[in-house]
$ cat input29.cif   # mmCIF, C-alpha atoms
data_final
loop_
_atom_site.label_atom_id
_atom_site.label_comp_id
_atom_site.auth_asym_id
_atom_site.auth_seq_id
_atom_site.Cartn_x
_atom_site.Cartn_y
_atom_site.Cartn_z
CA MET A 1 7.07 -27.25 -0.58
CA GLU A 2 4.46 -27.48 2.16
CA VAL A 3 1.35 -25.33 1.85
CA LYS A 4 0.72 -23.12 4.87
CA VAL A 5 -1.87 -20.70 3.46
CA ALA A 6 -4.61 -21.22 0.87
CA VAL A 7 -6.49 -18.26 -0.57
CA PHE A 8 -9.75 -18.45 -2.51
CA GLY A 9 -11.60 -15.53 -3.93
CA TYR A 10 -13.10 -13.75 -6.87
CA LEU A 11 -13.37 -10.47 -8.68
CA ARG A 12 -16.48 -9.34 -10.51
CA PHE A 13 -16.35 -7.08 -13.56
CA PRO A 14 -19.03 -5.98 -16.00
CA PRO A 15 -19.20 -8.84 -18.54
CA GLY A 16 -18.49 -6.43 -21.40
CA SER A 17 -15.14 -5.38 -19.91
CA ILE A 18 -13.55 -8.83 -19.65
CA ASP A 19 -11.72 -8.56 -22.97
CA SER A 20 -10.02 -5.41 -21.65
CA VAL A 21 -9.34 -6.99 -18.24
CA ARG A 22 -7.50 -10.05 -19.59
CA PRO A 23 -4.19 -8.43 -20.67
CA HIS A 24 -3.81 -6.58 -17.35
CA LEU A 25 -4.72 -9.73 -15.44
CA MET A 26 -2.21 -11.85 -17.35
CA THR A 27 0.58 -9.32 -16.65
CA PHE A 28 -0.32 -9.40 -12.96
CA VAL A 29 -0.55 -13.21 -12.74
CA GLU A 30 2.75 -13.72 -14.57
CA ALA A 31 4.52 -11.26 -12.25
CA THR A 32 3.01 -12.95 -9.20
CA ARG A 33 4.09 -16.40 -10.34
CA GLU A 34 7.59 -15.20 -11.19
CA HIS A 35 8.41 -12.97 -8.21
CA ASP A 36 6.17 -13.60 -5.21
CA GLY A 37 7.12 -17.10 -4.04
CA CYS A 38 3.70 -18.71 -4.41
CA ILE A 39 3.33 -22.46 -4.69
CA ALA A 40 0.39 -22.04 -7.07
CA TYR A 41 -1.53 -19.03 -8.35
CA ASP A 42 -4.46 -19.94 -10.56
CA VAL A 43 -7.07 -17.73 -12.16
CA ALA A 44 -10.10 -18.72 -14.24
CA GLU A 45 -13.10 -17.04 -15.76
CA ASP A 46 -16.36 -18.57 -14.57
CA LEU A 47 -18.09 -19.90 -17.69
CA ALA A 48 -21.49 -19.92 -15.99
CA ASP A 49 -21.22 -16.37 -14.62
CA PRO A 50 -19.82 -13.89 -17.18
CA GLY A 51 -17.65 -11.24 -15.59
CA LEU A 52 -16.64 -13.40 -12.61
CA ILE A 53 -12.94 -14.28 -12.27
CA ARG A 54 -12.02 -16.88 -9.65
CA PHE A 55 -8.66 -17.11 -7.88
CA SER A 56 -7.03 -19.96 -5.97
CA GLU A 57 -3.65 -19.42 -4.38
CA LEU A 58 -1.26 -21.55 -2.34
CA TRP A 59 1.48 -19.92 -0.26
CA PRO A 60 4.32 -21.40 1.82
CA SER A 61 3.77 -18.91 4.67
CA GLU A 62 1.67 -16.00 5.84
CA GLU A 63 4.74 -13.81 5.36
CA SER A 64 4.95 -14.74 1.68
CA LEU A 65 1.27 -13.86 1.21
CA ASP A 66 1.77 -10.56 3.07
CA ALA A 67 4.74 -9.71 0.83
CA HIS A 68 2.65 -10.48 -2.27
CA LEU A 69 -0.04 -8.05 -1.11
CA VAL A 70 2.46 -5.16 -1.20
CA ALA A 71 4.50 -6.30 -4.21
CA PRO A 72 5.24 -3.64 -6.86
CA HIS A 73 2.86 -5.18 -9.41
CA ILE A 74 -0.18 -5.01 -7.07
CA ALA A 75 -0.84 -1.26 -7.35
CA PRO A 76 -0.89 -1.12 -11.19
CA TRP A 77 -3.20 -4.14 -11.32
CA ARG A 78 -5.59 -2.68 -8.76
CA GLU A 79 -5.66 0.66 -10.57
CA ALA A 80 -6.38 -1.05 -13.91
CA ALA A 81 -9.11 -3.19 -12.32
CA LYS A 82 -10.75 -0.11 -10.85
CA LYS A 83 -10.67 1.71 -14.21
CA LEU A 84 -12.13 -1.35 -15.92
CA GLY A 85 -15.17 -1.36 -13.64
CA LEU A 86 -14.32 -3.73 -10.79
CA GLN A 87 -17.63 -4.28 -9.02
CA GLU A 88 -16.77 -6.72 -6.26
CA ARG A 89 -13.66 -8.19 -4.63
CA VAL A 90 -13.89 -11.11 -2.18
CA PHE A 91 -10.86 -13.09 -0.93
CA THR A 92 -10.42 -15.34 2.10
CA ALA A 93 -7.14 -16.80 3.38
CA TYR A 94 -7.06 -20.09 5.30
CA THR A 95 -4.12 -21.47 7.23
CA THR A 96 -3.53 -25.18 6.78
CA ASN A 97 -2.58 -27.64 9.48
CA SER A 98 -2.70 -30.84 7.49
CA SER A 99 -3.72 -32.24 4.15
CA ARG A 100 -4.99 -35.47 2.71
CA ASP A 101 -5.50 -36.86 -0.78
CA VAL A 102 -9.12 -37.16 -1.84
#

$ encode --input "input29.cif" --output "structure tokens"
Amino acid sequence: MEVKVAVFGYLRFPPGSIDSVRPHLMTFVEATREHDGCIAYDVAEDLADPGLIRFSELWPSEESLDAHLVAPHIAPWREAAKKLGLQERVFTAYTTNSSRDV
């Protein structure tokens, strides 16, 4: 499947809330991977910056990304993140025209 859109971003939580964030995040990520048509949806805690969670996403089209952003599992995740102290949310989507192995 050809990648048309790449998304990179992060969420910042208070470091002490990460243990509470993880189960909600895993539910959200599993639902995204299962239902939203992504090529890849990867999430990782930044070991050098406690409380920072990085996202990298690959989508086959802008339409598939747009559908993900209104999927039924988005609202519960966003509500949980807010209650758990979400401090910052930064995401940028890039369209791709070509690729090369490096």

$ closest_atom_pairs --input "input29.cif" --of "stretch 52-82 of chain A" --to "stretch 9-22 of chain A" --cutoff "7 Å" --atoms "all atoms listed in the file" --output "CSV"
residue,atom,partner,partner_atom,distance
A:Leu52,CA,A:Arg12,CA,4.6
A:Ile53,CA,A:Leu11,CA,5.3
A:Arg54,CA,A:Tyr10,CA,4.3
A:Phe55,CA,A:Gly9,CA,5.2
A:Ser56,CA,A:Gly9,CA,6.7

$ resolve_selection --input "input29.cif" --expression "the PyMOL selection byres ((chain A and resi 40) around 9)" --output "ChimeraX atom specification"
/A:33,37-39,41-42,56-59

$ atom_distance --input "input29.cif" --atom1 "atom CA of A:Ser64" --atom2 "atom CA of A:Val102"
26.7 Å

$ resolve_selection --input "input29.cif" --expression "the PyMOL selection byres ((chain A and resi 2) around 12)" --output "PyMOL selection string"
chain A and resi 1+3-6+38-40+58-61+95-99

$ residues_around --input "input29.cif" --residues "A:Leu25" --least-positions-apart "6" --cutoff "10 Å" --atoms "all atoms listed in the file" --output "PDB file with C-alpha atoms, in the coordinates of the input"
ATOM      1  CA  ILE A  18     -13.550  -8.830 -19.650  1.00  0.00           C
ATOM      2  CA  ALA A  31       4.520 -11.260 -12.250  1.00  0.00           C
ATOM      3  CA  VAL A  43      -7.070 -17.730 -12.160  1.00  0.00           C
ATOM      4  CA  ILE A  53     -12.940 -14.280 -12.270  1.00  0.00           C
ATOM      5  CA  TRP A  77      -3.200  -4.140 -11.320  1.00  0.00           C
ATOM      6  CA  ARG A  78      -5.590  -2.680  -8.760  1.00  0.00           C
ATOM      7  CA  ALA A  80      -6.380  -1.050 -13.910  1.00  0.00           C
ATOM      8  CA  ALA A  81      -9.110  -3.190 -12.320  1.00  0.00           C
TER       9      ALA A  81
END

$ closest_residue --input "input29.cif" --among "A:Asp101, A:Tyr94, A:Lys83, A:Ile74" --to "A:His35" --atoms "all atoms listed in the file"
A:Ile74

$ atom_distance --input "input29.cif" --atom1 "atom CA of A:His68" --atom2 "atom CA of A:Val90"
16.6 Å

$ atom_distance --input "input29.cif" --atom1 "atom CA of A:Ala71" --atom2 "atom CA of A:Phe91"
17.1 Å

$ axis_aligned_box --input "input29.cif" --around "stretch 60-64 of chain A" --padding-each-side "4 Å" --output "lines of an AutoDock Vina configuration file"
center_x = 3.3
center_y = -17.6
center_z = 3.8
size_x = 11.3
size_y = 15.6
size_z = 12.2

$ closest_residue --input "input29.cif" --among "A:Ala93, A:Lys82, A:Phe8, A:Gln87" --to "A:Asp66" --atoms "only C-alpha atoms"
A:Ala93

$ build_atoms --input "input29.cif" --residues "stretch 5-16 of chain A" --atoms "all heavy atoms" --output "mmCIF file, in the coordinates of the input"
data_model
loop_
_atom_site.group_PDB
_atom_site.id
_atom_site.type_symbol
_atom_site.label_atom_id
_atom_site.label_comp_id
_atom_site.auth_asym_id
_atom_site.auth_seq_id
_atom_site.Cartn_x
_atom_site.Cartn_y
_atom_site.Cartn_z
ATOM 1 N N VAL A 5 -0.732 -21.610 3.622
ATOM 2 C CA VAL A 5 -1.870 -20.700 3.460
ATOM 3 C C VAL A 5 -2.519 -20.964 2.099
ATOM 4 O O VAL A 5 -1.828 -21.039 1.080
ATOM 5 C CB VAL A 5 -1.427 -19.225 3.538
ATOM 6 C CG1 VAL A 5 -2.619 -18.291 3.369
ATOM 7 C CG2 VAL A 5 -0.694 -18.939 4.831
ATOM 8 N N ALA A 6 -3.829 -21.106 2.103
ATOM 9 C CA ALA A 6 -4.610 -21.220 0.870
ATOM 10 C C ALA A 6 -5.542 -20.015 0.808
ATOM 11 O O ALA A 6 -6.150 -19.640 1.812
ATOM 12 C CB ALA A 6 -5.406 -22.517 0.873
ATOM 13 N N VAL A 7 -5.630 -19.425 -0.364
ATOM 14 C CA VAL A 7 -6.490 -18.260 -0.570
ATOM 15 C C VAL A 7 -7.449 -18.590 -1.699
ATOM 16 O O VAL A 7 -7.034 -19.102 -2.745
ATOM 17 C CB VAL A 7 -5.674 -17.004 -0.928
ATOM 18 C CG1 VAL A 7 -6.593 -15.818 -1.207
ATOM 19 C CG2 VAL A 7 -4.670 -16.675 0.161
ATOM 20 N N PHE A 8 -8.724 -18.287 -1.477
ATOM 21 C CA PHE A 8 -9.750 -18.450 -2.510
ATOM 22 C C PHE A 8 -10.527 -17.157 -2.587
ATOM 23 O O PHE A 8 -10.815 -16.539 -1.562
ATOM 24 C CB PHE A 8 -10.681 -19.619 -2.174
ATOM 25 C CG PHE A 8 -9.947 -20.913 -2.013
ATOM 26 C CD1 PHE A 8 -9.642 -21.396 -0.752
ATOM 27 C CD2 PHE A 8 -9.526 -21.621 -3.119
ATOM 28 C CE1 PHE A 8 -8.936 -22.578 -0.593
ATOM 29 C CE2 PHE A 8 -8.822 -22.802 -2.971
ATOM 30 C CZ PHE A 8 -8.528 -23.288 -1.702
ATOM 31 N N GLY A 9 -10.850 -16.768 -3.800
ATOM 32 C CA GLY A 9 -11.600 -15.530 -3.930
ATOM 33 C C GLY A 9 -12.052 -15.293 -5.352
ATOM 34 O O GLY A 9 -11.859 -16.119 -6.243
ATOM 35 N N TYR A 10 -12.649 -14.122 -5.531
ATOM 36 C CA TYR A 10 -13.100 -13.750 -6.870
ATOM 37 C C TYR A 10 -13.169 -12.250 -7.019
ATOM 38 O O TYR A 10 -13.235 -11.505 -6.044
ATOM 39 C CB TYR A 10 -14.460 -14.384 -7.185
ATOM 40 C CG TYR A 10 -15.596 -13.907 -6.316
ATOM 41 C CD1 TYR A 10 -16.325 -12.762 -6.659
ATOM 42 C CD2 TYR A 10 -15.962 -14.592 -5.163
ATOM 43 C CE1 TYR A 10 -17.386 -12.321 -5.865
ATOM 44 C CE2 TYR A 10 -17.009 -14.161 -4.365
ATOM 45 C CZ TYR A 10 -17.713 -13.022 -4.729
ATOM 46 O OH TYR A 10 -18.752 -12.587 -3.941
ATOM 47 N N LEU A 11 -13.138 -11.846 -8.285
ATOM 48 C CA LEU A 11 -13.370 -10.470 -8.680
ATOM 49 C C LEU A 11 -14.538 -10.479 -9.653
ATOM 50 O O LEU A 11 -14.667 -11.409 -10.463
ATOM 51 C CB LEU A 11 -12.149 -9.878 -9.383
ATOM 52 C CG LEU A 11 -10.843 -9.833 -8.605
ATOM 53 C CD1 LEU A 11 -9.727 -9.306 -9.505
ATOM 54 C CD2 LEU A 11 -10.976 -8.968 -7.368
ATOM 55 N N ARG A 12 -15.364 -9.454 -9.578
ATOM 56 C CA ARG A 12 -16.480 -9.340 -10.510
ATOM 57 C C ARG A 12 -16.338 -8.045 -11.304
ATOM 58 O O ARG A 12 -16.150 -6.974 -10.734
ATOM 59 C CB ARG A 12 -17.814 -9.346 -9.786
ATOM 60 C CG ARG A 12 -19.009 -9.294 -10.739
ATOM 61 C CD ARG A 12 -20.333 -9.388 -10.015
ATOM 62 N NE ARG A 12 -20.463 -10.624 -9.263
ATOM 63 C CZ ARG A 12 -20.746 -11.823 -9.775
ATOM 64 N NH1 ARG A 12 -20.910 -11.956 -11.076
ATOM 65 N NH2 ARG A 12 -20.874 -12.874 -8.994
ATOM 66 N N PHE A 13 -16.405 -8.192 -12.632
ATOM 67 C CA PHE A 13 -16.350 -7.080 -13.560
ATOM 68 C C PHE A 13 -17.616 -7.084 -14.412
ATOM 69 O O PHE A 13 -18.256 -8.126 -14.568
ATOM 70 C CB PHE A 13 -15.152 -7.225 -14.507
ATOM 71 C CG PHE A 13 -13.823 -7.044 -13.846
ATOM 72 C CD1 PHE A 13 -13.146 -8.117 -13.285
ATOM 73 C CD2 PHE A 13 -13.239 -5.789 -13.788
ATOM 74 C CE1 PHE A 13 -11.914 -7.947 -12.682
ATOM 75 C CE2 PHE A 13 -12.002 -5.612 -13.179
ATOM 76 C CZ PHE A 13 -11.336 -6.685 -12.630
ATOM 77 N N PRO A 14 -17.945 -5.953 -15.024
ATOM 78 C CA PRO A 14 -19.030 -5.980 -16.000
ATOM 79 C C PRO A 14 -18.643 -6.963 -17.118
ATOM 80 O O PRO A 14 -17.505 -6.922 -17.602
ATOM 81 C CB PRO A 14 -19.085 -4.542 -16.536
ATOM 82 C CG PRO A 14 -18.398 -3.711 -15.502
ATOM 83 C CD PRO A 14 -17.378 -4.612 -14.869
ATOM 84 N N PRO A 15 -19.560 -7.844 -17.523
ATOM 85 C CA PRO A 15 -19.200 -8.840 -18.540
ATOM 86 C C PRO A 15 -18.586 -8.238 -19.799
ATOM 87 O O PRO A 15 -17.672 -8.819 -20.382
ATOM 88 C CB PRO A 15 -20.527 -9.535 -18.839
ATOM 89 C CG PRO A 15 -21.296 -9.408 -17.563
ATOM 90 C CD PRO A 15 -20.925 -8.056 -17.014
ATOM 91 N N GLY A 16 -19.012 -7.059 -20.193
ATOM 92 C CA GLY A 16 -18.490 -6.430 -21.400
ATOM 93 C C GLY A 16 -17.063 -5.935 -21.286
ATOM 94 O O GLY A 16 -16.434 -5.599 -22.297
#
